[in-house]
>>> print(open('query-v8.pdb').read())   # PDB, C-alpha atoms and all ligand atoms
ATOM      1  CA  MET B1460     143.899 104.042 145.746  1.00  0.00           C
ATOM      2  CA  TYR B1461     142.359 101.046 147.564  1.00  0.00           C
ATOM      3  CA  SER B1462     138.674 100.577 148.306  1.00  0.00           C
ATOM      4  CA  GLU B1463     137.523 100.409 151.915  1.00  0.00           C
ATOM      5  CA  LYS B1464     136.811  96.708 151.501  1.00  0.00           C
ATOM      6  CA  VAL B1465     140.350  96.029 150.295  1.00  0.00           C
ATOM      7  CA  MET B1466     141.768  97.934 153.257  1.00  0.00           C
ATOM      8  CA  ASP B1467     139.460  96.076 155.651  1.00  0.00           C
ATOM      9  CA  HIS B1468     140.419  92.639 154.312  1.00  0.00           C
ATOM     10  CA  PHE B1469     144.081  93.601 154.276  1.00  0.00           C
ATOM     11  CA  GLN B1470     144.020  94.848 157.866  1.00  0.00           C
ATOM     12  CA  ASN B1471     141.677  92.167 159.211  1.00  0.00           C
ATOM     13  CA  PRO B1472     142.137  89.190 156.918  1.00  0.00           C
ATOM     14  CA  ARG B1473     139.537  86.454 157.414  1.00  0.00           C
ATOM     15  CA  ASN B1474     140.360  82.765 157.658  1.00  0.00           C
ATOM     16  CA  VAL B1475     144.114  83.038 158.041  1.00  0.00           C
ATOM     17  CA  GLY B1476     145.796  79.842 159.138  1.00  0.00           C
ATOM     18  CA  GLU B1477     146.083  76.184 158.327  1.00  0.00           C
ATOM     19  CA  ILE B1478     143.720  73.227 158.338  1.00  0.00           C
ATOM     20  CA  GLU B1479     145.147  70.045 159.751  1.00  0.00           C
ATOM     21  CA  ASN B1480     144.496  67.034 157.527  1.00  0.00           C
ATOM     22  CA  ALA B1481     142.938  69.288 154.904  1.00  0.00           C
ATOM     23  CA  SER B1482     141.062  67.648 152.033  1.00  0.00           C
ATOM     24  CA  GLY B1483     143.159  69.656 149.631  1.00  0.00           C
ATOM     25  CA  VAL B1484     146.127  72.023 149.865  1.00  0.00           C
ATOM     26  CA  GLY B1485     147.372  74.221 147.065  1.00  0.00           C
ATOM     27  CA  THR B1486     150.420  76.437 146.876  1.00  0.00           C
ATOM     28  CA  VAL B1487     151.121  78.855 144.087  1.00  0.00           C
ATOM     29  CA  GLY B1488     153.582  81.658 143.617  1.00  0.00           C
ATOM     30  CA  ASN B1489     154.422  84.462 141.292  1.00  0.00           C
ATOM     31  CA  ALA B1490     158.107  84.334 140.488  1.00  0.00           C
ATOM     32  CA  LYS B1491     158.083  87.931 139.294  1.00  0.00           C
ATOM     33  CA  CYS B1492     157.141  89.502 142.612  1.00  0.00           C
ATOM     34  CA  GLY B1493     158.150  86.539 144.786  1.00  0.00           C
ATOM     35  CA  ASP B1494     154.771  86.286 146.481  1.00  0.00           C
ATOM     36  CA  ILE B1495     153.417  82.932 147.608  1.00  0.00           C
ATOM     37  CA  MET B1496     149.982  81.754 148.654  1.00  0.00           C
ATOM     38  CA  ARG B1497     148.837  78.535 150.267  1.00  0.00           C
ATOM     39  CA  MET B1498     145.194  77.559 150.439  1.00  0.00           C
ATOM     40  CA  TYR B1499     143.673  74.777 152.577  1.00  0.00           C
ATOM     41  CA  LEU B1500     140.238  73.334 151.894  1.00  0.00           C
ATOM     42  CA  ASP B1501     138.126  71.076 154.067  1.00  0.00           C
ATOM     43  CA  ILE B1502     135.558  69.375 151.829  1.00  0.00           C
ATOM     44  CA  ASP B1503     132.773  67.189 153.198  1.00  0.00           C
ATOM     45  CA  GLU B1504     131.411  63.943 151.735  1.00  0.00           C
ATOM     46  CA  ASN B1505     128.879  65.874 149.640  1.00  0.00           C
ATOM     47  CA  GLY B1506     131.597  67.920 147.981  1.00  0.00           C
ATOM     48  CA  VAL B1507     130.805  71.073 149.945  1.00  0.00           C
ATOM     49  CA  ILE B1508     133.608  73.277 151.220  1.00  0.00           C
ATOM     50  CA  ARG B1509     133.001  73.496 154.944  1.00  0.00           C
ATOM     51  CA  ASP B1510     136.207  75.299 155.816  1.00  0.00           C
ATOM     52  CA  CYS B1511     138.877  77.230 154.016  1.00  0.00           C
ATOM     53  CA  LYS B1512     142.035  78.848 155.321  1.00  0.00           C
ATOM     54  CA  PHE B1513     144.984  80.564 153.732  1.00  0.00           C
ATOM     55  CA  LYS B1514     148.498  81.748 154.354  1.00  0.00           C
ATOM     56  CA  THR B1515     150.123  84.369 152.233  1.00  0.00           C
ATOM     57  CA  PHE B1516     153.610  85.634 151.946  1.00  0.00           C
ATOM     58  CA  GLY B1517     152.602  88.471 149.744  1.00  0.00           C
ATOM     59  CA  CYS B1518     151.521  92.022 149.175  1.00  0.00           C
ATOM     60  CA  GLY B1519     148.463  93.705 150.638  1.00  0.00           C
ATOM     61  CA  ALA B1520     146.327  93.088 147.579  1.00  0.00           C
ATOM     62  CA  ALA B1521     147.232  89.387 147.684  1.00  0.00           C
ATOM     63  CA  VAL B1522     146.194  89.227 151.344  1.00  0.00           C
ATOM     64  CA  ALA B1523     142.914  91.060 150.719  1.00  0.00           C
ATOM     65  CA  THR B1524     141.972  88.980 147.667  1.00  0.00           C
ATOM     66  CA  SER B1525     142.781  85.698 149.425  1.00  0.00           C
ATOM     67  CA  SER B1526     140.756  86.733 152.431  1.00  0.00           C
ATOM     68  CA  MET B1527     137.765  87.590 150.260  1.00  0.00           C
ATOM     69  CA  ALA B1528     138.228  84.419 148.193  1.00  0.00           C
ATOM     70  CA  THR B1529     138.028  82.239 151.320  1.00  0.00           C
ATOM     71  CA  GLU B1530     134.779  83.947 152.290  1.00  0.00           C
ATOM     72  CA  LEU B1531     133.347  83.424 148.817  1.00  0.00           C
ATOM     73  CA  VAL B1532     134.137  79.704 148.555  1.00  0.00           C
ATOM     74  CA  MET B1533     133.056  78.798 152.077  1.00  0.00           C
ATOM     75  CA  GLY B1534     129.874  76.716 152.015  1.00  0.00           C
ATOM     76  CA  LYS B1535     130.001  76.320 148.246  1.00  0.00           C
ATOM     77  CA  THR B1536     130.165  73.123 146.236  1.00  0.00           C
ATOM     78  CA  ILE B1537     133.301  72.349 144.261  1.00  0.00           C
ATOM     79  CA  GLN B1538     131.598  73.366 141.018  1.00  0.00           C
ATOM     80  CA  GLU B1539     130.426  76.660 142.522  1.00  0.00           C
ATOM     81  CA  ALA B1540     133.906  77.306 143.924  1.00  0.00           C
ATOM     82  CA  LEU B1541     135.325  77.017 140.407  1.00  0.00           C
ATOM     83  CA  GLU B1542     133.221  80.022 139.479  1.00  0.00           C
ATOM     84  CA  VAL B1543     134.973  82.147 142.087  1.00  0.00           C
ATOM     85  CA  THR B1544     137.326  83.776 139.627  1.00  0.00           C
ATOM     86  CA  ASN B1545     139.742  86.555 140.364  1.00  0.00           C
ATOM     87  CA  LYS B1546     137.247  88.861 138.672  1.00  0.00           C
ATOM     88  CA  ALA B1547     134.501  87.805 141.080  1.00  0.00           C
ATOM     89  CA  VAL B1548     136.856  88.373 144.002  1.00  0.00           C
ATOM     90  CA  MET B1549     137.807  91.817 142.725  1.00  0.00           C
ATOM     91  CA  GLU B1550     134.164  92.767 142.256  1.00  0.00           C
ATOM     92  CA  ALA B1551     133.410  91.681 145.803  1.00  0.00           C
ATOM     93  CA  LEU B1552     136.215  93.975 146.955  1.00  0.00           C
ATOM     94  CA  ASP B1553     134.945  96.936 144.899  1.00  0.00           C
ATOM     95  CA  GLY B1554     137.902  96.716 142.544  1.00  0.00           C
ATOM     96  CA  LEU B1555     141.676  96.810 142.626  1.00  0.00           C
ATOM     97  CA  PRO B1556     144.085  99.266 141.017  1.00  0.00           C
ATOM     98  CA  PRO B1557     145.127  97.968 137.561  1.00  0.00           C
ATOM     99  CA  VAL B1558     148.732  97.273 138.606  1.00  0.00           C
ATOM    100  CA  LYS B1559     147.426  95.029 141.367  1.00  0.00           C
ATOM    101  CA  VAL B1560     145.053  92.920 139.299  1.00  0.00           C
ATOM    102  CA  HIS B1561     147.642  90.162 138.857  1.00  0.00           C
ATOM    103  CA  CYS B1562     147.775  89.725 142.650  1.00  0.00           C
ATOM    104  CA  SER B1563     144.185  88.504 142.640  1.00  0.00           C
ATOM    105  CA  LEU B1564     145.206  85.613 140.391  1.00  0.00           C
ATOM    106  CA  LEU B1565     147.159  84.062 143.245  1.00  0.00           C
ATOM    107  CA  ALA B1566     143.968  83.427 145.207  1.00  0.00           C
ATOM    108  CA  GLU B1567     142.121  81.936 142.247  1.00  0.00           C
ATOM    109  CA  GLU B1568     145.014  79.682 141.314  1.00  0.00           C
ATOM    110  CA  ALA B1569     145.583  78.616 144.919  1.00  0.00           C
ATOM    111  CA  ILE B1570     141.947  77.498 145.178  1.00  0.00           C
ATOM    112  CA  HIS B1571     142.319  75.584 141.922  1.00  0.00           C
ATOM    113  CA  ALA B1572     145.549  73.998 143.157  1.00  0.00           C
ATOM    114  CA  ALA B1573     143.852  72.919 146.404  1.00  0.00           C
ATOM    115  CA  LEU B1574     140.931  71.443 144.437  1.00  0.00           C
ATOM    116  CA  TRP B1575     143.385  69.661 142.158  1.00  0.00           C
ATOM    117  CA  ASP B1576     145.115  68.186 145.197  1.00  0.00           C
ATOM    118  CA  TYR B1577     141.733  67.068 146.579  1.00  0.00           C
ATOM    119  CA  ALA B1578     140.834  65.431 143.260  1.00  0.00           C
ATOM    120  CA  GLU B1579     144.184  63.606 143.097  1.00  0.00           C
ATOM    121  CA  LYS B1580     143.900  62.371 146.671  1.00  0.00           C
ATOM    122  CA  ASN B1581     140.434  61.012 145.961  1.00  0.00           C
ATOM    123  CA  GLY B1582     141.121  59.705 142.477  1.00  0.00           C
ATOM    124  CA  ILE B1583     138.384  61.840 140.930  1.00  0.00           C
ATOM    125  CA  LYS B1584     138.225  64.309 138.080  1.00  0.00           C
ATOM    126  CA  ILE B1585     136.689  67.717 138.609  1.00  0.00           C
ATOM    127  CA  GLU B1586     134.846  68.875 135.515  1.00  0.00           C
ATOM    128  CA  GLY B1587     136.291  72.137 134.206  1.00  0.00           C
ATOM    129  CA  LEU B1588     139.399  72.114 136.393  1.00  0.00           C
ATOM    130  CA  GLU B1589     142.738  72.294 134.631  1.00  0.00           C
ATOM    131  CA  LYS B1590     146.058  71.507 136.208  1.00  0.00           C
ATOM    132  CA  PRO B1591     147.084  74.714 137.961  1.00  0.00           C
ATOM    133  CA  LYS B1592     150.454  76.344 137.457  1.00  0.00           C
ATOM    134  CA  ASN B1593     152.910  76.547 140.314  1.00  0.00           C
ATOM    135  CA  ASP B1594     154.017  79.918 139.082  1.00  0.00           C
ATOM    136  CA  ILE B1595     151.248  82.181 137.858  1.00  0.00           C
ATOM    137  CA  SER B1596     153.665  84.505 136.070  1.00  0.00           C
ATOM    138  CA  GLU B1597     154.486  81.672 133.636  1.00  0.00           C
ATOM    139  CA  GLY B1598     153.446  82.566 130.137  1.00  0.00           C
ATOM    140  CA  GLU B1599     152.326  86.009 131.210  1.00  0.00           C
ATOM    141  CA  GLU B1600     153.045  88.836 128.802  1.00  0.00           C
ATOM    142  CA  GLU B1601     155.757  91.158 130.052  1.00  0.00           C
ATOM    143  CA  GLU B1602     153.584  94.217 129.632  1.00  0.00           C
ATOM    144  CA  ASP B1603     150.832  92.724 131.787  1.00  0.00           C
ATOM    145  CA  TYR B1604     152.971  93.163 134.814  1.00  0.00           C
TER     146      TYR B1604
HETATM  147 FE1  LIG B1701     152.943  89.960 144.170  1.00  0.00          FE
HETATM  148 FE2  LIG B1701     150.853  91.424 144.717  1.00  0.00          FE
HETATM  149  S1  LIG B1701     152.810  92.113 144.160  1.00  0.00           S
HETATM  150  S2  LIG B1701     150.989  89.296 144.593  1.00  0.00           S
END
>>> encode(input="query-v8.pdb", output="structure tokens", more="lines below")
Ligand code: FES
Amino acid sequence: MYSEKVMDHFQNPRNVGEIENASGVGTVGNAKCGDIMRMYLDIDENGVIRDCKFKTFGCGAAVATSSMATELVMGKTIQEALEVTNKAVMEALDGLPPVKVHCSLLAEEAIHAALWDYAEKNGIKIEGLEKPKNDISEGEEEEDY
């Protein structure tokens, strides 16, 4: 059911933890399953993500996608990090079962929320970044779940 990469990232998640005095912190949840994700970003003066950590109270797919997402955004610029969509994360993990696709949205939204927090703290606007939702199940079609 799960690819080897998903199992690996679930069993040995990368970059778990917190960053003290992070440049940006984002927390999002999915009220339907009750899972929560928090993402911490450390962004240098050139707008490059030099560190990224996460904490998840969530299912295995949420852990694996967050772990992969942290690896994908590390070392990237803010603009490049915005291109790390849940689809990109799933591809990097060799796919997820259809019922677990929504879990990958937590990671994407948590990164966006952390970037939003960074932008607010610094009084800047990040091109292409929309205000993230606190609850990713908001506005979702029932049958998607
Ligand atoms: Fe909630 Fe996977 S079931 S994030």
>>> residues_near_ligand(input="query-v8.pdb", ligand="ligand LIG 1701 (chain B)", cutoff="7 Å", atoms="all atoms listed in the file", output="ChimeraX atom specification")
/B:1489,1492-1494,1517-1521,1559,1561-1562,1565
>>> atom_distance(input="query-v8.pdb", atom1="CA of Gln1470 in chain B", atom2="CA of Gly1483 in chain B")
26.5 Å
>>> resolve_selection(input="query-v8.pdb", expression="the PyMOL selection byres (((chain B and resi 1461-1463) around 12) and not hetatm)", output="ChimeraX atom specification")
/B:1460,1464-1471,1519-1520,1523,1549-1560
>>> residues_near_point(input="query-v8.pdb", point="(130.4, 68.8, 146.3)", cutoff="12 Å", atoms="only C-alpha atoms", output="PyMOL selection string")
chain B and resi 1501-1509+1532-1541+1574+1577-1578+1583+1585-1586
>>> closest_residue(input="query-v8.pdb", among="B:Gly1582, B:Thr1515, B:Leu1531, B:Lys1546", to="Leu1564 in chain B", atoms="all atoms listed in the file")
B:Lys1546
>>> resolve_selection(input="query-v8.pdb", expression="the PyMOL selection byres (((chain B and resi 1576) around 12) and not hetatm)", output="NGL selection string")
:B and (1481-1486 or 1498-1502 or 1569-1575 or 1577-1585 or 1588-1591)
>>> residues_around(input="query-v8.pdb", residues="Ala1528 in chain B", least_positions_apart="2", cutoff="8 Å", atoms="all atoms listed in the file", output="PyMOL selection string")
chain B and resi 1524-1526+1530-1532+1543+1548+1566-1567
>>> atom_distance(input="query-v8.pdb", atom1="CA of Asn1480 in chain B", atom2="CA of Met1527 in chain B")
22.8 Å
>>> atom_distance(input="query-v8.pdb", atom1="CA of Thr1529 in chain B", atom2="CA of Val1487 in chain B")
15.3 Å
>>> closest_residue(input="query-v8.pdb", among="B:Ile1478, B:Val1522, B:Ala1490, B:Met1496", to="Asp1510 in chain B", atoms="all atoms listed in the file")
B:Ile1478
>>> closest_residue(input="query-v8.pdb", among="B:Gly1488, B:Glu1568, B:Val1475, B:Thr1544", to="Asp1594 in chain B", atoms="all atoms listed in the file")
B:Gly1488
>>> residues_around(input="query-v8.pdb", residues="Gly1476 in chain B", least_positions_apart="3", cutoff="10 Å", atoms="all atoms listed in the file", output="MDAnalysis selection string")
chainID B and resid 1473 1479 1497:1499 1511:1515
>>> axis_aligned_box(input="query-v8.pdb", around="range 1569-1584 of chain B", padding_each_side="8 Å", output="JSON")
{"center_x": 141.9, "center_y": 69.2, "center_z": 142.4, "size_x": 23.4, "size_y": 34.9, "size_z": 24.6}
>>> build_atoms(input="query-v8.pdb", residues="range 1478-1490 of chain B", atoms="N, CA, C and O atoms", output="CSV table (one decimal), keeping the file's coordinate frame")
chain,number,residue,atom,x,y,z
B,1478,ILE,N,144.7,74.3,157.9
B,1478,ILE,CA,143.7,73.2,158.3
B,1478,ILE,C,144.5,71.9,158.4
B,1478,ILE,O,145.1,71.5,157.4
B,1479,GLU,N,144.5,71.3,159.6
B,1479,GLU,CA,145.1,70.0,159.8
B,1479,GLU,C,144.4,69.0,159.0
B,1479,GLU,O,143.2,69.0,159.0
B,1480,ASN,N,145.1,68.1,158.3
B,1480,ASN,CA,144.5,67.0,157.5
B,1480,ASN,C,143.5,67.6,156.5
B,1480,ASN,O,142.4,67.1,156.4
B,1481,ALA,N,143.8,68.7,155.9
B,1481,ALA,CA,142.9,69.3,154.9
B,1481,ALA,C,142.6,68.3,153.8
B,1481,ALA,O,143.4,67.4,153.4
B,1482,SER,N,141.4,68.5,153.2
B,1482,SER,CA,141.1,67.6,152.0
B,1482,SER,C,141.9,68.0,150.8
B,1482,SER,O,142.2,67.1,150.0
B,1483,GLY,N,142.3,69.2,150.7
B,1483,GLY,CA,143.2,69.7,149.6
B,1483,GLY,C,144.0,70.9,150.0
B,1483,GLY,O,143.5,71.8,150.7
B,1484,VAL,N,145.3,70.9,149.6
B,1484,VAL,CA,146.1,72.0,149.9
B,1484,VAL,C,146.8,72.4,148.6
B,1484,VAL,O,147.2,71.6,147.8
B,1485,GLY,N,146.8,73.7,148.3
B,1485,GLY,CA,147.4,74.2,147.1
B,1485,GLY,C,148.3,75.4,147.3
B,1485,GLY,O,148.0,76.3,148.1
B,1486,THR,N,149.5,75.3,146.7
B,1486,THR,CA,150.4,76.4,146.9
B,1486,THR,C,150.8,77.0,145.5
B,1486,THR,O,151.1,76.2,144.6
B,1487,VAL,N,150.7,78.3,145.3
B,1487,VAL,CA,151.1,78.9,144.1
B,1487,VAL,C,151.9,80.1,144.4
B,1487,VAL,O,151.8,80.7,145.5
B,1488,GLY,N,152.8,80.5,143.4
B,1488,GLY,CA,153.6,81.7,143.6
B,1488,GLY,C,153.6,82.5,142.3
B,1488,GLY,O,153.2,82.0,141.3
B,1489,ASN,N,154.2,83.6,142.5
B,1489,ASN,CA,154.4,84.5,141.3
B,1489,ASN,C,155.9,84.8,141.3
B,1489,ASN,O,156.3,85.6,142.2
B,1490,ALA,N,156.6,84.2,140.4
B,1490,ALA,CA,158.1,84.3,140.5
B,1490,ALA,C,158.5,85.8,140.3
B,1490,ALA,O,159.6,86.2,140.7
